[in-house]
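Data first, discussion second: the structure below is written as structure tokens.
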Amino acid sequence: MALTLARFGWQGIEFSVPSDWELNAYRGVYQDGFASLDDGIHTRLRIRWEPEKRRAADVAAARDLYARALQKRLGRKMSLESIGPEFLPKRFRDGHEATVFLWQAREAAIGMIWRCPERRMLGLAEIIFPGGDTDRTLSRRIFSTLADHRADGRQLWAAYGFQFEIPGRYRLQHAELVPGRLRFHFQTGRDWLRVERWSATSQWTKETPLDSMPEEWIKTLRTALPVTLEKAGRTLRAHAAIRFTCGTREYLLRKSHLNGLMWACAAEDRLYVAAANNTTEKEVEAVARTMVCA
Amino acid sequence: MLASAPHVNPSVRLTELDTGGIRMVYEKAGGFLIRALRRLFAIPRTAELLLDDIGSRVVRHMDGKRTVQDLIRFVAGEYHLSRKEAEVALLAYLERLGRRNLVGFEMTADKDETGRYDE
């Protein structure tokens, strides 16, 4: 059976991974952080990134540092070997300074440390093979899909089958997966952008009709002033969308203006929201247009 | 956890409602002192919990054989959720039922499927 890959995007780092691998942990910020994905049972991919020259000057030094850390964690039974640069496709090698290695202990992993000159960061990605048998073809396929920055300055966020792009100036403040909702809260200075996906919408709309959902959503902000809804004439990905605007009170005297779009996808039984303060309606719509649904 | 099979506490009374939901009537937990205080202030010994459509369907699927993993697959398939979304929702739900002693978890003998998470 052919392996289906899905895009994973977090803090500007992107990989295509098997579609059943999902994010199970994350921490950190754009400059320095960690994310891991599991297949339902075992962790399969770990990604770390940090500013270059903080602990290691280049990829070779970072690899030595990581090898020592592995040795300490896994003991003498751990073996580590380098994999030649030809492991990575040429088009990838041309754009990145990278080193690939394999370690074997109770489990095995194929790892890659690379440097992104644009972001001035070092990244480490390793694909874990819990049974101990490594799959070089899969690892090569995944590593070759790495992207660590975009020429257009935008950021792709993709997790749990939810994918969207935001302007590069926003930074993740908070992301949470709670029953029925997946929420992303981004911030730049005092301005924010929220992107949400609600699942099993038919259950939510039993209590609140879809037309009233923007008002209900805005209530969760606790800072909103009266809302203006524009219920007709908007279409997003072939779904009728509701545009909402309102003022918000923030930081005591400061007032801001909120622009938002909400729509439901009946085929997926999901509701999507994109809203931001102090930005144009056009920018919110540009984010909303990248939010993938059926 | 994921390999365990949840089942409803046999002492809980389940009633199917016309709305499609389930009413669970159960005896409140509490030690001697709590029970005495309840009697003193005439607080009912039992409580009831009304399950919504999704919750009721999950409870109907708890037959003591289906594992938490099976229930996650069921919820994900039925409500178009990703595996992790279904897992988060179901584990939160089971935790709430478990806290009231409404469900118990039986570990299956198959040690290969431990549902272990590395991190």
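FYI, nothing fancy with the structure tokens labels: chains A, B, ... in order, residues from 1 per chain, ligands from 1 as they appear.
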
Handout entry: Those in region 26-243 of chain A with alpha helix (DSSP H) from DSSP, as a PyMOL selection string
Key = chain A and resi 59-74+90-95+136-143+201-207+213-219

Using the selection just defined, write its residues with C-alpha atoms as a PDB file, in the first residue's frame.
ATOM      1  CA  VAL A  59      26.582  21.149  12.274  1.00  0.00           C
ATOM      2  CA  ALA A  60      29.662  18.979  12.944  1.00  0.00           C
ATOM      3  CA  ALA A  61      30.066  20.403  16.450  1.00  0.00           C
ATOM      4  CA  ALA A  62      26.335  20.023  17.058  1.00  0.00           C
ATOM      5  CA  ARG A  63      26.520  16.389  15.966  1.00  0.00           C
ATOM      6  CA  ASP A  64      29.421  15.678  18.379  1.00  0.00           C
ATOM      7  CA  LEU A  65      27.542  17.363  21.170  1.00  0.00           C
ATOM      8  CA  TYR A  66      24.431  15.332  20.425  1.00  0.00           C
ATOM      9  CA  ALA A  67      26.451  12.097  20.190  1.00  0.00           C
ATOM     10  CA  ARG A  68      27.845  12.730  23.688  1.00  0.00           C
ATOM     11  CA  ALA A  69      24.346  13.413  25.025  1.00  0.00           C
ATOM     12  CA  LEU A  70      23.057  10.187  23.443  1.00  0.00           C
ATOM     13  CA  GLN A  71      25.965   8.222  24.886  1.00  0.00           C
ATOM     14  CA  LYS A  72      25.152   9.570  28.313  1.00  0.00           C
ATOM     15  CA  ARG A  73      21.446   8.780  27.957  1.00  0.00           C
ATOM     16  CA  LEU A  74      21.643   5.378  26.295  1.00  0.00           C
ATOM     17  CA  LYS A  90      21.212  16.880  -4.274  1.00  0.00           C
ATOM     18  CA  ARG A  91      18.665  19.695  -4.389  1.00  0.00           C
ATOM     19  CA  PHE A  92      18.512  19.523  -0.589  1.00  0.00           C
ATOM     20  CA  ARG A  93      22.307  19.421  -0.140  1.00  0.00           C
ATOM     21  CA  ASP A  94      22.655  22.486  -2.360  1.00  0.00           C
ATOM     22  CA  GLY A  95      20.547  24.603  -0.058  1.00  0.00           C
ATOM     23  CA  ARG A 136      16.404   4.569   5.053  1.00  0.00           C
ATOM     24  CA  THR A 137      13.981   5.118   2.179  1.00  0.00           C
ATOM     25  CA  LEU A 138      11.340   6.572   4.479  1.00  0.00           C
ATOM     26  CA  SER A 139      13.907   8.717   6.314  1.00  0.00           C
ATOM     27  CA  ARG A 140      15.323  10.057   3.058  1.00  0.00           C
ATOM     28  CA  ARG A 141      11.836  10.815   1.800  1.00  0.00           C
ATOM     29  CA  ILE A 142      10.922  12.719   4.956  1.00  0.00           C
ATOM     30  CA  PHE A 143      14.215  14.627   5.284  1.00  0.00           C
ATOM     31  CA  THR A 201     -20.199  21.183  14.676  1.00  0.00           C
ATOM     32  CA  SER A 202     -23.608  19.512  14.450  1.00  0.00           C
ATOM     33  CA  GLN A 203     -23.337  18.953  18.224  1.00  0.00           C
ATOM     34  CA  TRP A 204     -22.475  22.599  18.928  1.00  0.00           C
ATOM     35  CA  THR A 205     -25.217  23.934  16.673  1.00  0.00           C
ATOM     36  CA  LYS A 206     -27.874  21.965  18.543  1.00  0.00           C
ATOM     37  CA  GLU A 207     -27.535  24.577  21.287  1.00  0.00           C
ATOM     38  CA  MET A 213     -21.847  31.354  16.602  1.00  0.00           C
ATOM     39  CA  PRO A 214     -19.708  34.464  15.895  1.00  0.00           C
ATOM     40  CA  GLU A 215     -21.355  36.246  18.836  1.00  0.00           C
ATOM     41  CA  GLU A 216     -20.769  33.200  21.033  1.00  0.00           C
ATOM     42  CA  TRP A 217     -17.165  33.016  19.907  1.00  0.00           C
ATOM     43  CA  ILE A 218     -16.589  36.718  20.564  1.00  0.00           C
ATOM     44  CA  LYS A 219     -17.976  36.320  24.096  1.00  0.00           C
TER      45      LYS A 219
END

Exercise for the section: List the neighbours of region 30-35 of chain A out to 7 Å using only C-alpha atoms; skip same-chain residues closer than 4 positions along the sequence, and give me the result as a list in words. Expected result: Gln11, Ala25, Tyr26, Arg46, Ile47, Arg48, Trp49, Glu50, Pro51 and Arg171 of chain A

Dump N, CA, C and O atoms for the selected residues as a PDB file, in the first residue's frame?
ATOM      1  N   GLN A  11       6.210  26.331  13.849  1.00  0.00           N
ATOM      2  CA  GLN A  11       7.227  27.356  14.080  1.00  0.00           C
ATOM      3  C   GLN A  11       8.127  27.556  12.872  1.00  0.00           C
ATOM      4  O   GLN A  11       9.348  27.717  12.995  1.00  0.00           O
ATOM      5  N   ALA A  25       3.710  16.424  21.319  1.00  0.00           N
ATOM      6  CA  ALA A  25       4.305  17.326  22.308  1.00  0.00           C
ATOM      7  C   ALA A  25       4.984  18.483  21.595  1.00  0.00           C
ATOM      8  O   ALA A  25       5.486  18.323  20.481  1.00  0.00           O
ATOM      9  N   TYR A  26       4.980  19.629  22.201  1.00  0.00           N
ATOM     10  CA  TYR A  26       5.734  20.763  21.673  1.00  0.00           C
ATOM     11  C   TYR A  26       6.093  21.681  22.821  1.00  0.00           C
ATOM     12  O   TYR A  26       5.461  21.675  23.869  1.00  0.00           O
ATOM     13  N   ARG A  46      11.228  13.442  16.105  1.00  0.00           N
ATOM     14  CA  ARG A  46      11.540  14.517  17.062  1.00  0.00           C
ATOM     15  C   ARG A  46      12.258  15.620  16.306  1.00  0.00           C
ATOM     16  O   ARG A  46      13.162  15.337  15.523  1.00  0.00           O
ATOM     17  N   ILE A  47      11.848  16.834  16.565  1.00  0.00           N
ATOM     18  CA  ILE A  47      12.504  17.980  15.910  1.00  0.00           C
ATOM     19  C   ILE A  47      12.906  18.970  17.000  1.00  0.00           C
ATOM     20  O   ILE A  47      12.095  19.276  17.881  1.00  0.00           O
ATOM     21  N   ARG A  48      14.161  19.429  16.928  1.00  0.00           N
ATOM     22  CA  ARG A  48      14.627  20.480  17.844  1.00  0.00           C
ATOM     23  C   ARG A  48      15.264  21.566  17.006  1.00  0.00           C
ATOM     24  O   ARG A  48      15.871  21.278  15.993  1.00  0.00           O
ATOM     25  N   TRP A  49      15.132  22.790  17.446  1.00  0.00           N
ATOM     26  CA  TRP A  49      15.809  23.892  16.759  1.00  0.00           C
ATOM     27  C   TRP A  49      16.260  24.909  17.782  1.00  0.00           C
ATOM     28  O   TRP A  49      15.630  25.068  18.839  1.00  0.00           O
ATOM     29  N   GLU A  50      17.383  25.535  17.524  1.00  0.00           N
ATOM     30  CA  GLU A  50      17.924  26.543  18.438  1.00  0.00           C
ATOM     31  C   GLU A  50      18.824  27.493  17.665  1.00  0.00           C
ATOM     32  O   GLU A  50      19.298  27.159  16.574  1.00  0.00           O
ATOM     33  N   PRO A  51      19.090  28.672  18.208  1.00  0.00           N
ATOM     34  CA  PRO A  51      19.957  29.612  17.482  1.00  0.00           C
ATOM     35  C   PRO A  51      21.349  29.012  17.290  1.00  0.00           C
ATOM     36  O   PRO A  51      21.859  28.317  18.174  1.00  0.00           O
ATOM     37  N   ARG A 171       3.853  35.473  16.033  1.00  0.00           N
ATOM     38  CA  ARG A 171       4.520  34.385  16.748  1.00  0.00           C
ATOM     39  C   ARG A 171       3.477  33.646  17.593  1.00  0.00           C
ATOM     40  O   ARG A 171       2.567  34.275  18.141  1.00  0.00           O
TER      41      ARG A 171
END

Problem - All strand (DSSP E or B) positions in region 135-166 of chain A, as a ChimeraX atom specification - result: /A:147,154-159,162-166

Atoms kept (all heavy atoms) for selection, written as a compact mmCIF listing (two decimals), in the first residue's frame:
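Result file out06.txt:
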# COMPACT_ATOMS: atom_id res chain seq x y z
N ALA A 147 11.51 22.09 5.03
CA ALA A 147 11.60 23.52 4.69
C ALA A 147 11.70 24.25 6.03
O ALA A 147 10.99 23.91 6.98
CB ALA A 147 10.35 23.96 3.94
N ARG A 154 5.81 34.04 4.77
CA ARG A 154 4.67 33.52 5.52
C ARG A 154 5.08 32.27 6.29
O ARG A 154 6.15 31.71 6.07
CB ARG A 154 3.51 33.21 4.57
CG ARG A 154 2.96 34.48 3.92
CD ARG A 154 1.86 34.17 2.96
NE ARG A 154 0.61 33.80 3.60
CZ ARG A 154 -0.26 34.65 4.15
NH1 ARG A 154 0.00 35.93 4.13
NH2 ARG A 154 -1.37 34.23 4.68
N GLN A 155 4.23 31.85 7.22
CA GLN A 155 4.51 30.64 8.00
C GLN A 155 3.38 29.65 7.78
O GLN A 155 2.21 30.02 7.87
CB GLN A 155 4.50 30.94 9.49
CG GLN A 155 5.64 31.70 10.05
CD GLN A 155 5.36 32.00 11.53
OE1 GLN A 155 5.07 31.11 12.32
NE2 GLN A 155 5.42 33.26 11.88
N LEU A 156 3.75 28.39 7.54
CA LEU A 156 2.75 27.35 7.44
C LEU A 156 2.59 26.67 8.79
O LEU A 156 3.58 26.32 9.43
CB LEU A 156 3.15 26.30 6.40
CG LEU A 156 2.21 25.09 6.35
CD1 LEU A 156 1.09 25.33 5.35
CD2 LEU A 156 2.95 23.82 6.00
N TRP A 157 1.38 26.52 9.23
CA TRP A 157 1.07 25.74 10.43
C TRP A 157 0.21 24.57 9.99
O TRP A 157 -0.81 24.78 9.35
CB TRP A 157 0.35 26.60 11.47
CG TRP A 157 1.28 27.60 12.07
CD1 TRP A 157 1.65 28.80 11.53
CD2 TRP A 157 2.00 27.48 13.30
NE1 TRP A 157 2.56 29.42 12.35
CE2 TRP A 157 2.79 28.63 13.45
CE3 TRP A 157 2.07 26.50 14.30
CZ2 TRP A 157 3.62 28.84 14.55
CZ3 TRP A 157 2.89 26.71 15.39
CH2 TRP A 157 3.67 27.86 15.52
N ALA A 158 0.63 23.37 10.31
CA ALA A 158 -0.14 22.19 9.90
C ALA A 158 0.00 21.12 10.96
O ALA A 158 1.10 20.66 11.25
CB ALA A 158 0.35 21.68 8.55
N ALA A 159 -1.11 20.76 11.57
CA ALA A 159 -1.12 19.70 12.58
C ALA A 159 -2.53 19.16 12.70
O ALA A 159 -3.50 19.90 12.51
CB ALA A 159 -0.66 20.24 13.94
N PHE A 162 -5.12 19.94 10.11
CA PHE A 162 -5.53 21.34 9.98
C PHE A 162 -4.32 22.12 9.47
O PHE A 162 -3.23 21.99 10.01
CB PHE A 162 -5.96 21.85 11.36
CG PHE A 162 -6.51 23.26 11.36
CD1 PHE A 162 -7.21 23.75 10.27
CD2 PHE A 162 -6.38 24.07 12.47
CE1 PHE A 162 -7.74 25.04 10.29
CE2 PHE A 162 -6.90 25.34 12.51
CZ PHE A 162 -7.58 25.83 11.40
N GLN A 163 -4.54 22.89 8.42
CA GLN A 163 -3.42 23.57 7.78
C GLN A 163 -3.81 24.99 7.40
O GLN A 163 -4.90 25.21 6.89
CB GLN A 163 -3.05 22.76 6.53
CG GLN A 163 -1.81 23.24 5.84
CD GLN A 163 -1.42 22.31 4.70
OE1 GLN A 163 -1.42 21.10 4.86
NE2 GLN A 163 -1.10 22.86 3.56
N PHE A 164 -2.91 25.92 7.67
CA PHE A 164 -3.16 27.32 7.29
C PHE A 164 -1.84 28.08 7.25
O PHE A 164 -0.84 27.61 7.79
CB PHE A 164 -4.15 27.99 8.27
CG PHE A 164 -3.71 27.96 9.69
CD1 PHE A 164 -2.95 29.00 10.23
CD2 PHE A 164 -4.03 26.89 10.51
CE1 PHE A 164 -2.53 28.97 11.55
CE2 PHE A 164 -3.61 26.86 11.83
CZ PHE A 164 -2.87 27.89 12.35
N GLU A 165 -1.89 29.22 6.62
CA GLU A 165 -0.70 30.07 6.55
C GLU A 165 -1.00 31.42 7.18
O GLU A 165 -2.11 31.95 7.01
CB GLU A 165 -0.29 30.29 5.09
CG GLU A 165 0.35 29.08 4.47
CD GLU A 165 0.66 29.29 3.00
OE1 GLU A 165 0.83 30.46 2.59
OE2 GLU A 165 0.70 28.29 2.28
N ILE A 166 -0.02 31.97 7.85
CA ILE A 166 -0.20 33.28 8.50
C ILE A 166 0.96 34.20 8.11
O ILE A 166 2.03 33.71 7.72
CB ILE A 166 -0.28 33.15 10.04
CG1 ILE A 166 1.02 32.57 10.61
CG2 ILE A 166 -1.47 32.32 10.47
CD1 ILE A 166 1.16 32.73 12.11

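A straight line drawn from CA of Glu81 (chain A) to CA of Asp38 (chain A) is 24.5 Å long.
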
Show which residues sit within 12 Å of Arg73 (chain B), as a PDB file with all heavy atoms, in the first residue's frame. Count only C-alpha atoms, and ignore same-chain residues fewer than 6 positions away.
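Full text of out.pdb as output:
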ATOM      1  N   GLY A  40       0.602   6.941  17.253  1.00  0.00           N
ATOM      2  CA  GLY A  40      -0.491   6.392  18.067  1.00  0.00           C
ATOM      3  C   GLY A  40       0.049   5.543  19.198  1.00  0.00           C
ATOM      4  O   GLY A  40      -0.591   5.388  20.230  1.00  0.00           O
TER       5      GLY A  40
ATOM      6  N   LEU B   2      -4.245   2.926  26.917  1.00  0.00           N
ATOM      7  CA  LEU B   2      -4.920   2.777  25.622  1.00  0.00           C
ATOM      8  C   LEU B   2      -5.316   1.331  25.343  1.00  0.00           C
ATOM      9  O   LEU B   2      -6.244   1.075  24.588  1.00  0.00           O
ATOM     10  CB  LEU B   2      -4.026   3.303  24.486  1.00  0.00           C
ATOM     11  CG  LEU B   2      -3.689   4.794  24.534  1.00  0.00           C
ATOM     12  CD1 LEU B   2      -2.831   5.176  23.347  1.00  0.00           C
ATOM     13  CD2 LEU B   2      -4.937   5.657  24.553  1.00  0.00           C
ATOM     14  N   VAL B  58     -20.624   6.469  23.059  1.00  0.00           N
ATOM     15  CA  VAL B  58     -19.373   5.893  23.580  1.00  0.00           C
ATOM     16  C   VAL B  58     -19.695   4.875  24.675  1.00  0.00           C
ATOM     17  O   VAL B  58     -19.165   3.761  24.675  1.00  0.00           O
ATOM     18  CB  VAL B  58     -18.433   7.003  24.113  1.00  0.00           C
ATOM     19  CG1 VAL B  58     -17.255   6.415  24.869  1.00  0.00           C
ATOM     20  CG2 VAL B  58     -17.922   7.872  22.966  1.00  0.00           C
ATOM     21  N   HIS B  61     -20.808   1.661  23.459  1.00  0.00           N
ATOM     22  CA  HIS B  61     -19.724   0.865  22.886  1.00  0.00           C
ATOM     23  C   HIS B  61     -18.812   0.237  23.935  1.00  0.00           C
ATOM     24  O   HIS B  61     -17.949  -0.553  23.596  1.00  0.00           O
ATOM     25  CB  HIS B  61     -18.891   1.739  21.932  1.00  0.00           C
ATOM     26  CG  HIS B  61     -19.383   1.656  20.527  1.00  0.00           C
ATOM     27  ND1 HIS B  61     -20.548   2.248  20.127  1.00  0.00           N
ATOM     28  CD2 HIS B  61     -18.883   1.017  19.431  1.00  0.00           C
ATOM     29  CE1 HIS B  61     -20.740   1.996  18.840  1.00  0.00           C
ATOM     30  NE2 HIS B  61     -19.751   1.261  18.401  1.00  0.00           N
ATOM     31  N   ARG B  66     -13.931  -3.924  24.091  1.00  0.00           N
ATOM     32  CA  ARG B  66     -13.316  -2.880  23.267  1.00  0.00           C
ATOM     33  C   ARG B  66     -12.350  -2.060  24.123  1.00  0.00           C
ATOM     34  O   ARG B  66     -12.705  -1.647  25.228  1.00  0.00           O
ATOM     35  CB  ARG B  66     -14.378  -1.957  22.691  1.00  0.00           C
ATOM     36  CG  ARG B  66     -15.224  -2.593  21.609  1.00  0.00           C
ATOM     37  CD  ARG B  66     -16.095  -1.544  20.954  1.00  0.00           C
ATOM     38  NE  ARG B  66     -16.867  -2.121  19.881  1.00  0.00           N
ATOM     39  CZ  ARG B  66     -18.133  -2.513  19.999  1.00  0.00           C
ATOM     40  NH1 ARG B  66     -18.750  -2.387  21.158  1.00  0.00           N
ATOM     41  NH2 ARG B  66     -18.786  -3.036  18.981  1.00  0.00           N
ATOM     42  N   THR B  67     -11.176  -1.862  23.588  1.00  0.00           N
ATOM     43  CA  THR B  67     -10.167  -1.104  24.338  1.00  0.00           C
ATOM     44  C   THR B  67     -10.373   0.398  24.122  1.00  0.00           C
ATOM     45  O   THR B  67     -11.141   0.814  23.250  1.00  0.00           O
ATOM     46  CB  THR B  67      -8.752  -1.477  23.856  1.00  0.00           C
ATOM     47  OG1 THR B  67      -8.653  -1.123  22.484  1.00  0.00           O
ATOM     48  CG2 THR B  67      -8.456  -2.950  24.054  1.00  0.00           C
ATOM     49  N   TYR B  79     -17.092  10.849  13.984  1.00  0.00           N
ATOM     50  CA  TYR B  79     -17.260  12.313  14.052  1.00  0.00           C
ATOM     51  C   TYR B  79     -16.212  13.085  13.251  1.00  0.00           C
ATOM     52  O   TYR B  79     -15.986  14.267  13.515  1.00  0.00           O
ATOM     53  CB  TYR B  79     -17.272  12.753  15.531  1.00  0.00           C
ATOM     54  CG  TYR B  79     -18.442  12.162  16.263  1.00  0.00           C
ATOM     55  CD1 TYR B  79     -18.293  11.033  17.057  1.00  0.00           C
ATOM     56  CD2 TYR B  79     -19.715  12.686  16.129  1.00  0.00           C
ATOM     57  CE1 TYR B  79     -19.374  10.452  17.694  1.00  0.00           C
ATOM     58  CE2 TYR B  79     -20.808  12.121  16.763  1.00  0.00           C
ATOM     59  CZ  TYR B  79     -20.630  11.004  17.546  1.00  0.00           C
ATOM     60  OH  TYR B  79     -21.711  10.428  18.174  1.00  0.00           O
ATOM     61  N   HIS B  80     -15.591  12.414  12.295  1.00  0.00           N
ATOM     62  CA  HIS B  80     -14.603  13.052  11.402  1.00  0.00           C
ATOM     63  C   HIS B  80     -13.506  13.768  12.192  1.00  0.00           C
ATOM     64  O   HIS B  80     -13.178  14.922  11.918  1.00  0.00           O
ATOM     65  CB  HIS B  80     -15.270  14.064  10.462  1.00  0.00           C
ATOM     66  CG  HIS B  80     -16.449  13.519   9.738  1.00  0.00           C
ATOM     67  ND1 HIS B  80     -16.329  12.741   8.619  1.00  0.00           N
ATOM     68  CD2 HIS B  80     -17.781  13.621   9.981  1.00  0.00           C
ATOM     69  CE1 HIS B  80     -17.526  12.393   8.202  1.00  0.00           C
ATOM     70  NE2 HIS B  80     -18.426  12.908   9.009  1.00  0.00           N
ATOM     71  N   LEU B  81     -12.974  13.111  13.197  1.00  0.00           N
ATOM     72  CA  LEU B  81     -11.908  13.722  13.990  1.00  0.00           C
ATOM     73  C   LEU B  81     -10.576  13.087  13.638  1.00  0.00           C
ATOM     74  O   LEU B  81     -10.534  11.934  13.204  1.00  0.00           O
ATOM     75  CB  LEU B  81     -12.159  13.517  15.491  1.00  0.00           C
ATOM     76  CG  LEU B  81     -13.492  13.989  16.061  1.00  0.00           C
ATOM     77  CD1 LEU B  81     -13.559  13.690  17.547  1.00  0.00           C
ATOM     78  CD2 LEU B  81     -13.666  15.473  15.841  1.00  0.00           C
ATOM     79  N   SER B  82      -9.503  13.821  13.849  1.00  0.00           N
ATOM     80  CA  SER B  82      -8.187  13.207  13.696  1.00  0.00           C
ATOM     81  C   SER B  82      -7.979  12.303  14.914  1.00  0.00           C
ATOM     82  O   SER B  82      -8.680  12.425  15.917  1.00  0.00           O
ATOM     83  CB  SER B  82      -7.099  14.278  13.628  1.00  0.00           C
ATOM     84  OG  SER B  82      -6.886  14.839  14.899  1.00  0.00           O
ATOM     85  N   ARG B  83      -7.021  11.381  14.793  1.00  0.00           N
ATOM     86  CA  ARG B  83      -6.799  10.427  15.887  1.00  0.00           C
ATOM     87  C   ARG B  83      -6.544  11.147  17.200  1.00  0.00           C
ATOM     88  O   ARG B  83      -7.119  10.807  18.241  1.00  0.00           O
ATOM     89  CB  ARG B  83      -5.595   9.527  15.544  1.00  0.00           C
ATOM     90  CG  ARG B  83      -5.185   8.605  16.661  1.00  0.00           C
ATOM     91  CD  ARG B  83      -4.077   7.682  16.231  1.00  0.00           C
ATOM     92  NE  ARG B  83      -2.925   8.357  15.657  1.00  0.00           N
ATOM     93  CZ  ARG B  83      -1.999   8.980  16.367  1.00  0.00           C
ATOM     94  NH1 ARG B  83      -2.101   9.054  17.675  1.00  0.00           N
ATOM     95  NH2 ARG B  83      -0.967   9.536  15.770  1.00  0.00           N
ATOM     96  N   LYS B  84      -5.703  12.174  17.153  1.00  0.00           N
ATOM     97  CA  LYS B  84      -5.335  12.870  18.388  1.00  0.00           C
ATOM     98  C   LYS B  84      -6.518  13.656  18.960  1.00  0.00           C
ATOM     99  O   LYS B  84      -6.708  13.701  20.171  1.00  0.00           O
ATOM    100  CB  LYS B  84      -4.143  13.796  18.090  1.00  0.00           C
ATOM    101  CG  LYS B  84      -3.411  14.291  19.302  1.00  0.00           C
ATOM    102  CD  LYS B  84      -2.787  13.204  20.139  1.00  0.00           C
ATOM    103  CE  LYS B  84      -1.454  12.743  19.628  1.00  0.00           C
ATOM    104  NZ  LYS B  84      -0.852  11.717  20.495  1.00  0.00           N
ATOM    105  N   GLU B  85      -7.317  14.245  18.076  1.00  0.00           N
ATOM    106  CA  GLU B  85      -8.510  14.967  18.552  1.00  0.00           C
ATOM    107  C   GLU B  85      -9.441  14.010  19.293  1.00  0.00           C
ATOM    108  O   GLU B  85      -9.953  14.328  20.362  1.00  0.00           O
ATOM    109  CB  GLU B  85      -9.280  15.534  17.352  1.00  0.00           C
ATOM    110  CG  GLU B  85      -8.840  16.877  16.873  1.00  0.00           C
ATOM    111  CD  GLU B  85      -9.707  17.335  15.718  1.00  0.00           C
ATOM    112  OE1 GLU B  85      -9.742  16.642  14.672  1.00  0.00           O
ATOM    113  OE2 GLU B  85     -10.358  18.369  15.859  1.00  0.00           O
ATOM    114  N   ALA B  86      -9.650  12.835  18.684  1.00  0.00           N
ATOM    115  CA  ALA B  86     -10.530  11.845  19.305  1.00  0.00           C
ATOM    116  C   ALA B  86      -9.936  11.369  20.626  1.00  0.00           C
ATOM    117  O   ALA B  86     -10.645  11.195  21.619  1.00  0.00           O
ATOM    118  CB  ALA B  86     -10.733  10.668  18.363  1.00  0.00           C
ATOM    119  N   GLU B  87      -8.616  11.195  20.647  1.00  0.00           N
ATOM    120  CA  GLU B  87      -7.934  10.714  21.850  1.00  0.00           C
ATOM    121  C   GLU B  87      -8.097  11.715  22.996  1.00  0.00           C
ATOM    122  O   GLU B  87      -8.457  11.326  24.116  1.00  0.00           O
ATOM    123  CB  GLU B  87      -6.453  10.517  21.516  1.00  0.00           C
ATOM    124  CG  GLU B  87      -5.646   9.842  22.594  1.00  0.00           C
ATOM    125  CD  GLU B  87      -4.193   9.710  22.173  1.00  0.00           C
ATOM    126  OE1 GLU B  87      -3.931   9.127  21.104  1.00  0.00           O
ATOM    127  OE2 GLU B  87      -3.328  10.213  22.907  1.00  0.00           O
ATOM    128  N   ALA B  89     -10.376  14.048  23.365  1.00  0.00           N
ATOM    129  CA  ALA B  89     -11.766  14.146  23.796  1.00  0.00           C
ATOM    130  C   ALA B  89     -12.175  12.920  24.598  1.00  0.00           C
ATOM    131  O   ALA B  89     -12.788  13.033  25.672  1.00  0.00           O
ATOM    132  CB  ALA B  89     -12.667  14.303  22.580  1.00  0.00           C
ATOM    133  N   LEU B  90     -11.796  11.752  24.116  1.00  0.00           N
ATOM    134  CA  LEU B  90     -12.229  10.523  24.787  1.00  0.00           C
ATOM    135  C   LEU B  90     -11.554  10.352  26.145  1.00  0.00           C
ATOM    136  O   LEU B  90     -12.203   9.975  27.127  1.00  0.00           O
ATOM    137  CB  LEU B  90     -11.941   9.315  23.895  1.00  0.00           C
ATOM    138  CG  LEU B  90     -12.577   8.042  24.441  1.00  0.00           C
ATOM    139  CD1 LEU B  90     -14.051   7.971  24.090  1.00  0.00           C
ATOM    140  CD2 LEU B  90     -11.875   6.817  23.933  1.00  0.00           C
TER     141      LEU B  90
END

Handout entry: Expected answer as a PyMOL selection string: chain A residues within 7 Å of chain B, only C-alpha atoms
Key = chain A and resi 22+41-43+160-161+178-180+199-200+268
